[in-house]
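work-v2.txt follows (compact mmCIF, C-alpha atoms):
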```txt
# COMPACT_ATOMS: atom_id res chain seq x y z
CA MET A 19 47.69 36.23 83.18
CA GLY A 20 45.96 33.37 85.00
CA PRO A 21 47.39 31.05 87.60
CA SER A 22 50.48 29.05 86.79
CA ILE A 23 50.35 25.29 87.35
CA GLN A 24 53.36 23.00 87.72
CA ILE A 25 53.61 19.23 88.02
CA ASN A 26 56.37 18.25 90.44
CA SER A 27 57.96 14.99 91.44
CA ASN A 28 61.04 14.32 93.52
CA LEU A 29 62.65 12.87 90.40
CA ASN A 30 62.89 16.23 88.63
CA TYR A 31 63.08 18.65 91.59
CA PRO A 32 62.41 17.64 95.20
CA ILE A 33 59.14 19.06 96.48
CA GLY A 34 60.96 19.71 99.76
CA LYS A 35 63.01 22.41 98.05
CA ILE A 36 59.86 24.14 96.80
CA ILE A 37 58.25 23.91 100.25
CA ASN A 38 61.36 25.39 101.86
CA GLN A 39 61.38 28.28 99.35
CA GLU A 40 57.71 28.96 99.95
CA LEU A 41 58.09 28.80 103.74
CA GLN A 42 60.91 31.34 103.69
CA ASN A 43 58.71 33.88 101.88
CA SER A 44 55.37 33.05 103.44
CA VAL A 45 53.41 35.29 105.78
CA GLU A 46 50.93 32.46 106.31
CA THR A 47 51.35 28.71 105.86
CA GLN A 48 48.71 26.02 106.24
CA ILE A 49 49.56 22.34 105.93
CA ALA A 50 47.39 19.23 106.24
CA VAL A 51 49.12 15.85 105.95
CA ALA A 52 48.35 12.28 106.90
CA PHE A 53 51.84 11.55 108.28
CA LEU A 54 54.43 13.65 110.11
CA LYS A 55 57.92 12.39 110.92
CA LYS A 56 60.96 13.82 112.69
CA SER A 57 62.78 13.45 109.36
CA GLY A 58 60.22 15.75 107.71
CA ILE A 59 60.74 18.40 110.36
CA LYS A 60 64.49 18.26 109.80
CA ALA A 61 63.93 18.78 106.06
CA ILE A 62 62.02 22.06 106.60
CA GLU A 63 63.09 23.23 110.06
CA ASP A 64 65.47 26.04 109.07
CA SER A 65 62.93 27.57 106.68
CA LEU A 66 60.09 27.12 109.17
CA LEU A 67 61.99 28.87 111.96
CA MET A 68 63.07 31.67 109.59
CA SER A 69 59.42 32.21 108.67
CA LEU A 70 58.25 32.20 112.29
CA ASP A 71 61.02 34.57 113.35
CA LYS A 72 59.64 37.04 110.78
CA GLY A 73 56.19 36.77 112.41
CA ALA A 74 54.51 34.45 109.90
CA LYS A 75 51.47 32.36 110.83
CA PHE A 76 51.82 28.59 110.65
CA GLU A 77 49.06 26.03 110.94
CA LEU A 78 49.50 22.25 110.74
CA ILE A 79 47.02 19.42 111.02
CA VAL A 80 48.32 15.84 110.95
CA GLY A 81 46.66 12.47 110.98
CA LEU A 82 47.15 9.81 113.62
CA ASP A 83 45.76 6.93 111.57
CA PHE A 84 47.92 3.82 111.15
CA LYS A 85 50.13 5.03 114.06
CA THR A 86 52.58 6.47 111.50
CA THR A 87 52.87 10.04 112.82
CA ASP A 88 55.95 10.25 115.02
CA PRO A 89 55.37 11.22 118.72
CA PHE A 90 58.67 13.18 118.69
CA ALA A 91 57.38 15.23 115.76
CA MET A 92 54.11 15.95 117.58
CA LYS A 93 56.04 17.07 120.68
CA TYR A 94 58.20 19.32 118.51
CA PHE A 95 55.13 21.24 117.31
CA ILE A 96 53.57 21.33 120.77
CA ASP A 97 56.79 22.91 122.06
CA LEU A 98 57.00 25.23 119.05
CA LYS A 99 53.50 26.52 119.86
CA LYS A 100 54.76 27.53 123.31
CA LYS A 101 57.53 29.62 121.75
CA TYR A 102 55.60 31.13 118.81
CA LYS A 103 52.03 32.33 119.34
CA GLU A 104 51.40 32.22 115.57
CA VAL A 105 51.74 28.41 115.50
CA ASN A 106 48.62 26.25 115.57
CA PHE A 107 48.99 22.48 115.66
CA TYR A 108 46.16 19.94 115.44
CA CYS A 109 45.94 16.15 115.27
CA TYR A 110 43.12 14.26 113.63
CA GLY A 111 42.56 11.13 115.71
CA ASP A 112 43.00 7.54 114.71
CA LYS A 113 39.85 6.12 113.12
CA GLY A 114 39.80 3.33 115.72
CA ASP A 115 39.89 5.86 118.53
CA ASN A 116 37.23 7.96 116.81
CA ARG A 117 34.98 4.89 116.40
CA ASN A 118 34.38 5.62 112.73
CA ASP A 119 35.75 4.55 109.36
CA ILE A 120 37.19 7.93 108.39
CA VAL A 121 40.92 8.07 107.67
CA PHE A 122 42.60 11.50 107.59
CA HIS A 123 44.77 11.32 104.48
CA PRO A 124 45.31 14.75 102.83
CA LYS A 125 48.59 16.16 101.56
CA ILE A 126 47.93 19.88 101.13
CA TYR A 127 50.42 22.74 101.48
CA MET A 128 49.22 26.35 101.20
CA PHE A 129 51.40 29.43 101.38
CA ARG A 130 50.58 33.10 101.19
CA ASN A 131 53.06 35.91 100.75
CA PRO A 132 52.36 39.53 99.82
CA LYS A 133 52.57 38.80 96.08
CA GLU A 134 51.49 35.22 95.61
CA VAL A 135 49.27 32.45 96.87
CA THR A 136 50.66 28.97 96.35
CA SER A 137 48.95 25.64 96.84
CA ILE A 138 50.64 22.27 96.51
CA ILE A 139 48.41 19.22 96.49
CA GLY A 140 49.56 15.70 95.87
CA SER A 141 50.99 12.65 97.56
CA THR A 142 53.72 14.19 99.74
CA ASN A 143 53.55 13.68 103.49
CA LEU A 144 55.72 15.70 105.85
CA THR A 145 58.49 13.08 105.92
CA GLN A 146 62.04 13.06 104.54
CA GLY A 147 61.09 10.47 101.95
CA GLY A 148 57.99 12.36 100.88
CA LEU A 149 59.79 15.68 100.66
CA MET A 150 63.04 14.57 99.06
CA SER A 151 63.37 11.03 97.77
CA ASN A 152 60.17 9.00 97.32
CA PHE A 153 58.42 8.91 93.99
CA GLU A 154 55.74 11.51 94.73
CA TYR A 155 53.39 13.47 92.52
CA ASN A 156 52.29 17.00 93.34
CA GLU A 157 50.59 19.79 91.52
CA GLY A 158 51.51 23.33 92.43
CA LYS A 159 49.31 26.30 91.66
CA PHE A 160 50.83 29.77 91.85
CA ILE A 161 48.60 32.85 91.70
CA ASP A 162 50.20 36.27 91.37
CA VAL A 163 47.89 38.36 93.55
CA SER A 164 49.74 41.60 92.76
CA LYS A 165 48.22 41.58 89.25
CA LEU A 166 44.66 40.97 90.41
CA PRO A 167 42.17 43.78 90.91
CA LYS A 168 41.98 44.78 94.58
CA THR A 169 38.50 43.30 95.08
CA VAL A 170 39.53 39.93 93.60
CA LYS A 171 42.77 39.95 95.63
CA THR A 172 40.84 40.65 98.85
CA GLU A 173 38.32 37.89 98.06
CA LEU A 174 41.06 35.37 97.16
CA ILE A 175 42.98 36.04 100.38
CA SER A 176 39.74 35.76 102.35
CA MET A 177 38.98 32.42 100.68
CA VAL A 178 42.46 31.11 101.51
CA ASP A 179 42.09 32.27 105.12
CA LYS A 180 38.74 30.46 105.44
CA SER A 181 39.68 27.36 103.45
CA PHE A 182 41.54 25.59 106.19
CA LEU A 183 40.07 24.68 109.57
```

Written as structure tokens, how would this file's structure read?
Amino acid sequence: MGPSIQINSNLNYPIGKIINQELQNSVETQIAVAFLKKSGIKAIEDSLLMSLDKGAKFELIVGLDFKTTDPFAMKYFIDLKKKYKEVNFYCYGDKGDNRNDIVFHPKIYMFRNPKEVTSIIGSTNLTQGGLMSNFEYNEGKFIDVSKLPKTVKTELISMVDKSFL
């Protein structure tokens, strides 16, 4: 059976619930979002800490464009990195500060657990509104790696590991 694809919006089932479920089971999480807010951290914090306490890797890159990313939220992840060595946190600078016209604007969530690789791509930033209440559109792709031949599974996991940063 091939990958399963789901279309999600906060109207039918909040994407924040799916992200929390994936975080709890993930051995590796990679997220790239344009905006990060304290409210977004609060929406996923319990699941994030549960994942980190189990030794999972967590990597986050956030944008600084439009001065929307919350300084408290950035400090939270800087402090989290001090406590958990498996946390990596990066900021993509404001286009004005970078002296170019590039705006960092992705909304990508990738999770890997022993049985499945999940990617969620859409319009959801790491904010309370984005995760729970705004009208957002996301597509989730779920690949059951346990049913793949070992060589394909190894290659897929390698691709996921190399696909971010």

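Reported to one decimal place, the separation of CA of Asp64 (chain A) from CA of Pro124 (chain A) is 23.9 Å.
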
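Here CA of Thr47 (chain A) is placed at a distance of 9.2 Å from CA of Ser69 (chain A).
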
Using the file's own x, y and z axes, so that the box edges lie along x, y and z, what centre and edge lengths in Å (one decimal) does a box around every listed atom of region 36-50 of chain A get when 8 Å is added on each side? Give it as AutoDock Vina command-line options.
```
--center_x 54.4 --center_y 27.3 --center_z 101.6 --size_x 30.0 --size_y 32.1 --size_z 25.5
```

(request) Pick out the residues sitting within 8 Å of Leu82 (chain A), and hand them over as a PyMOL selection string; count all atoms listed in the file, and ignore anything fewer than 5 positions along from it in its own chain. (result) chain A and resi 52-53+87+109-112+122

(message) Would you compute the distance between CA of Asp119 (chain A) and CA of Asn106 (chain A)? Give it in Å to one decimal.
(response) 26.0 Å

(request) Considering all atoms listed in the file, state which residue in the set A:Lys55, A:Asp83, A:Leu78, A:His123 is at the smallest distance from Ile96 (chain A). (result) A:Leu78

(request) Determine, counting all atoms listed in the file, which protein, DNA and RNA residues have an atom within 7 Å of an atom of Ile49 (chain A); residues of the same chain fewer than 5 positions away are not included. Present the result as a ChimeraX atom specification. (result) /A:77-79,126-128

Can those selected residues be exported to a file as a PDB file, keeping the file's coordinate frame so that it contains C-alpha atoms?
```pdb
ATOM      1  CA  GLU A  77      49.060  26.030 110.940  1.00  0.00           C
ATOM      2  CA  LEU A  78      49.500  22.250 110.740  1.00  0.00           C
ATOM      3  CA  ILE A  79      47.020  19.420 111.020  1.00  0.00           C
ATOM      4  CA  ILE A 126      47.930  19.880 101.130  1.00  0.00           C
ATOM      5  CA  TYR A 127      50.420  22.740 101.480  1.00  0.00           C
ATOM      6  CA  MET A 128      49.220  26.350 101.200  1.00  0.00           C
TER       7      MET A 128
END
```

(request) Enumerate, as a PyMOL selection string, the protein, DNA and RNA residues whose atoms approach (59.6, 11.4, 98.1) to within 8 Å, taking into account only C-alpha atoms and the coordinate frame of the file. (result) chain A and resi 27-28+32-33+142+146-154

(request) Using all atoms listed in the file, determine which residues lie at most 7 Å from Val105 (chain A), disregarding the query and same-chain residues fewer than 6 positions distant; provide the list as a PyMOL selection string. (result) chain A and resi 75-77+99

(request) Skip Glu46 (chain A) itself and residues of its chain fewer than 4 positions away, then list as a PyMOL selection string all residues within 10 Å of it, counting all atoms listed in the file. (result) chain A and resi 40-41+69-70+73-77+104+128-132+135+178-179

Could you please take those selected residues and save C-alpha atoms as an mmCIF file, in the frame of the given file?
```cif
data_model
loop_
_atom_site.group_PDB
_atom_site.id
_atom_site.type_symbol
_atom_site.label_atom_id
_atom_site.label_comp_id
_atom_site.auth_asym_id
_atom_site.auth_seq_id
_atom_site.Cartn_x
_atom_site.Cartn_y
_atom_site.Cartn_z
ATOM 1 C CA GLU A 40 57.710 28.960 99.950
ATOM 2 C CA LEU A 41 58.090 28.800 103.740
ATOM 3 C CA SER A 69 59.420 32.210 108.670
ATOM 4 C CA LEU A 70 58.250 32.200 112.290
ATOM 5 C CA GLY A 73 56.190 36.770 112.410
ATOM 6 C CA ALA A 74 54.510 34.450 109.900
ATOM 7 C CA LYS A 75 51.470 32.360 110.830
ATOM 8 C CA PHE A 76 51.820 28.590 110.650
ATOM 9 C CA GLU A 77 49.060 26.030 110.940
ATOM 10 C CA GLU A 104 51.400 32.220 115.570
ATOM 11 C CA MET A 128 49.220 26.350 101.200
ATOM 12 C CA PHE A 129 51.400 29.430 101.380
ATOM 13 C CA ARG A 130 50.580 33.100 101.190
ATOM 14 C CA ASN A 131 53.060 35.910 100.750
ATOM 15 C CA PRO A 132 52.360 39.530 99.820
ATOM 16 C CA VAL A 135 49.270 32.450 96.870
ATOM 17 C CA VAL A 178 42.460 31.110 101.510
ATOM 18 C CA ASP A 179 42.090 32.270 105.120
#
```

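Closest approach to Ser164 (chain A) among A:Asn143, A:Lys100, A:Lys133, A:Asn26 is made by A:Lys133 (distances from all atoms listed in the file).
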
(request) List the neighbours of Ala91 (chain A) out to 7 Å using only C-alpha atoms; skip same-chain residues closer than 4 positions along the sequence, and give me the result as an MDAnalysis selection string. (result) chainID A and resid 54:56 95

Please supply region 141-152 of chain A, rebuilt with all heavy atoms, as an mmCIF file, keeping the file's coordinate frame.
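Listing of out-v2.cif after writing:
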```cif
data_model
loop_
_atom_site.group_PDB
_atom_site.id
_atom_site.type_symbol
_atom_site.label_atom_id
_atom_site.label_comp_id
_atom_site.auth_asym_id
_atom_site.auth_seq_id
_atom_site.Cartn_x
_atom_site.Cartn_y
_atom_site.Cartn_z
ATOM 1 N N SER A 141 50.811 13.858 96.760
ATOM 2 C CA SER A 141 50.990 12.650 97.560
ATOM 3 C C SER A 141 52.043 12.799 98.653
ATOM 4 O O SER A 141 52.332 11.836 99.354
ATOM 5 C CB SER A 141 51.376 11.483 96.637
ATOM 6 O OG SER A 141 52.621 11.724 96.013
ATOM 7 N N THR A 142 52.597 13.993 98.837
ATOM 8 C CA THR A 142 53.720 14.190 99.740
ATOM 9 C C THR A 142 53.306 14.420 101.184
ATOM 10 O O THR A 142 52.678 15.429 101.509
ATOM 11 C CB THR A 142 54.582 15.378 99.261
ATOM 12 O OG1 THR A 142 55.099 15.072 97.969
ATOM 13 C CG2 THR A 142 55.730 15.651 100.199
ATOM 14 N N ASN A 143 53.689 13.488 102.047
ATOM 15 C CA ASN A 143 53.550 13.680 103.490
ATOM 16 C C ASN A 143 54.735 14.489 103.996
ATOM 17 O O ASN A 143 55.713 14.715 103.278
ATOM 18 C CB ASN A 143 53.499 12.326 104.204
ATOM 19 C CG ASN A 143 52.122 11.709 104.132
ATOM 20 O OD1 ASN A 143 51.156 12.280 104.607
ATOM 21 N ND2 ASN A 143 52.042 10.532 103.520
ATOM 22 N N LEU A 144 54.645 14.919 105.242
ATOM 23 C CA LEU A 144 55.720 15.700 105.850
ATOM 24 C C LEU A 144 56.744 14.732 106.460
ATOM 25 O O LEU A 144 56.865 14.575 107.669
ATOM 26 C CB LEU A 144 55.149 16.671 106.890
ATOM 27 C CG LEU A 144 56.007 17.840 107.341
ATOM 28 C CD1 LEU A 144 56.749 18.518 106.203
ATOM 29 C CD2 LEU A 144 55.160 18.859 108.070
ATOM 30 N N THR A 145 57.451 14.042 105.557
ATOM 31 C CA THR A 145 58.490 13.080 105.920
ATOM 32 C C THR A 145 59.680 13.329 104.988
ATOM 33 O O THR A 145 59.516 13.915 103.901
ATOM 34 C CB THR A 145 58.012 11.631 105.716
ATOM 35 O OG1 THR A 145 57.754 11.414 104.322
ATOM 36 C CG2 THR A 145 56.752 11.328 106.530
ATOM 37 N N GLN A 146 60.852 12.902 105.383
ATOM 38 C CA GLN A 146 62.040 13.060 104.540
ATOM 39 C C GLN A 146 61.825 12.384 103.184
ATOM 40 O O GLN A 146 62.116 12.962 102.149
ATOM 41 C CB GLN A 146 63.267 12.467 105.249
ATOM 42 C CG GLN A 146 64.524 12.392 104.397
ATOM 43 C CD GLN A 146 65.139 13.736 104.093
ATOM 44 O OE1 GLN A 146 64.930 14.709 104.808
ATOM 45 N NE2 GLN A 146 65.883 13.805 103.010
ATOM 46 N N GLY A 147 61.335 11.169 103.205
ATOM 47 C CA GLY A 147 61.090 10.470 101.950
ATOM 48 C C GLY A 147 60.104 11.201 101.068
ATOM 49 O O GLY A 147 60.337 11.373 99.868
ATOM 50 N N GLY A 148 58.999 11.633 101.650
ATOM 51 C CA GLY A 148 57.990 12.360 100.880
ATOM 52 C C GLY A 148 58.513 13.659 100.305
ATOM 53 O O GLY A 148 58.217 14.013 99.164
ATOM 54 N N LEU A 149 59.296 14.370 101.082
ATOM 55 C CA LEU A 149 59.790 15.680 100.660
ATOM 56 C C LEU A 149 60.974 15.606 99.696
ATOM 57 O O LEU A 149 61.166 16.501 98.877
ATOM 58 C CB LEU A 149 60.198 16.512 101.874
ATOM 59 C CG LEU A 149 59.049 16.913 102.806
ATOM 60 C CD1 LEU A 149 59.600 17.499 104.096
ATOM 61 C CD2 LEU A 149 58.116 17.894 102.129
ATOM 62 N N MET A 150 61.777 14.554 99.796
ATOM 63 C CA MET A 150 63.040 14.570 99.060
ATOM 64 C C MET A 150 63.311 13.362 98.155
ATOM 65 O O MET A 150 63.970 13.523 97.141
ATOM 66 C CB MET A 150 64.213 14.688 100.045
ATOM 67 C CG MET A 150 64.175 15.952 100.868
ATOM 68 S SD MET A 150 64.215 17.406 99.822
ATOM 69 C CE MET A 150 64.821 18.619 100.946
ATOM 70 N N SER A 151 62.858 12.177 98.515
ATOM 71 C CA SER A 151 63.370 11.030 97.770
ATOM 72 C C SER A 151 62.334 10.052 97.229
ATOM 73 O O SER A 151 62.609 9.360 96.258
ATOM 74 C CB SER A 151 64.383 10.263 98.626
ATOM 75 O OG SER A 151 63.765 9.797 99.814
ATOM 76 N N ASN A 152 61.176 9.939 97.821
ATOM 77 C CA ASN A 152 60.170 9.000 97.320
ATOM 78 C C ASN A 152 59.673 9.446 95.942
ATOM 79 O O ASN A 152 59.775 10.616 95.583
ATOM 80 C CB ASN A 152 58.951 8.941 98.246
ATOM 81 C CG ASN A 152 59.253 8.309 99.573
ATOM 82 O OD1 ASN A 152 60.319 7.749 99.790
ATOM 83 N ND2 ASN A 152 58.304 8.428 100.492
#
```
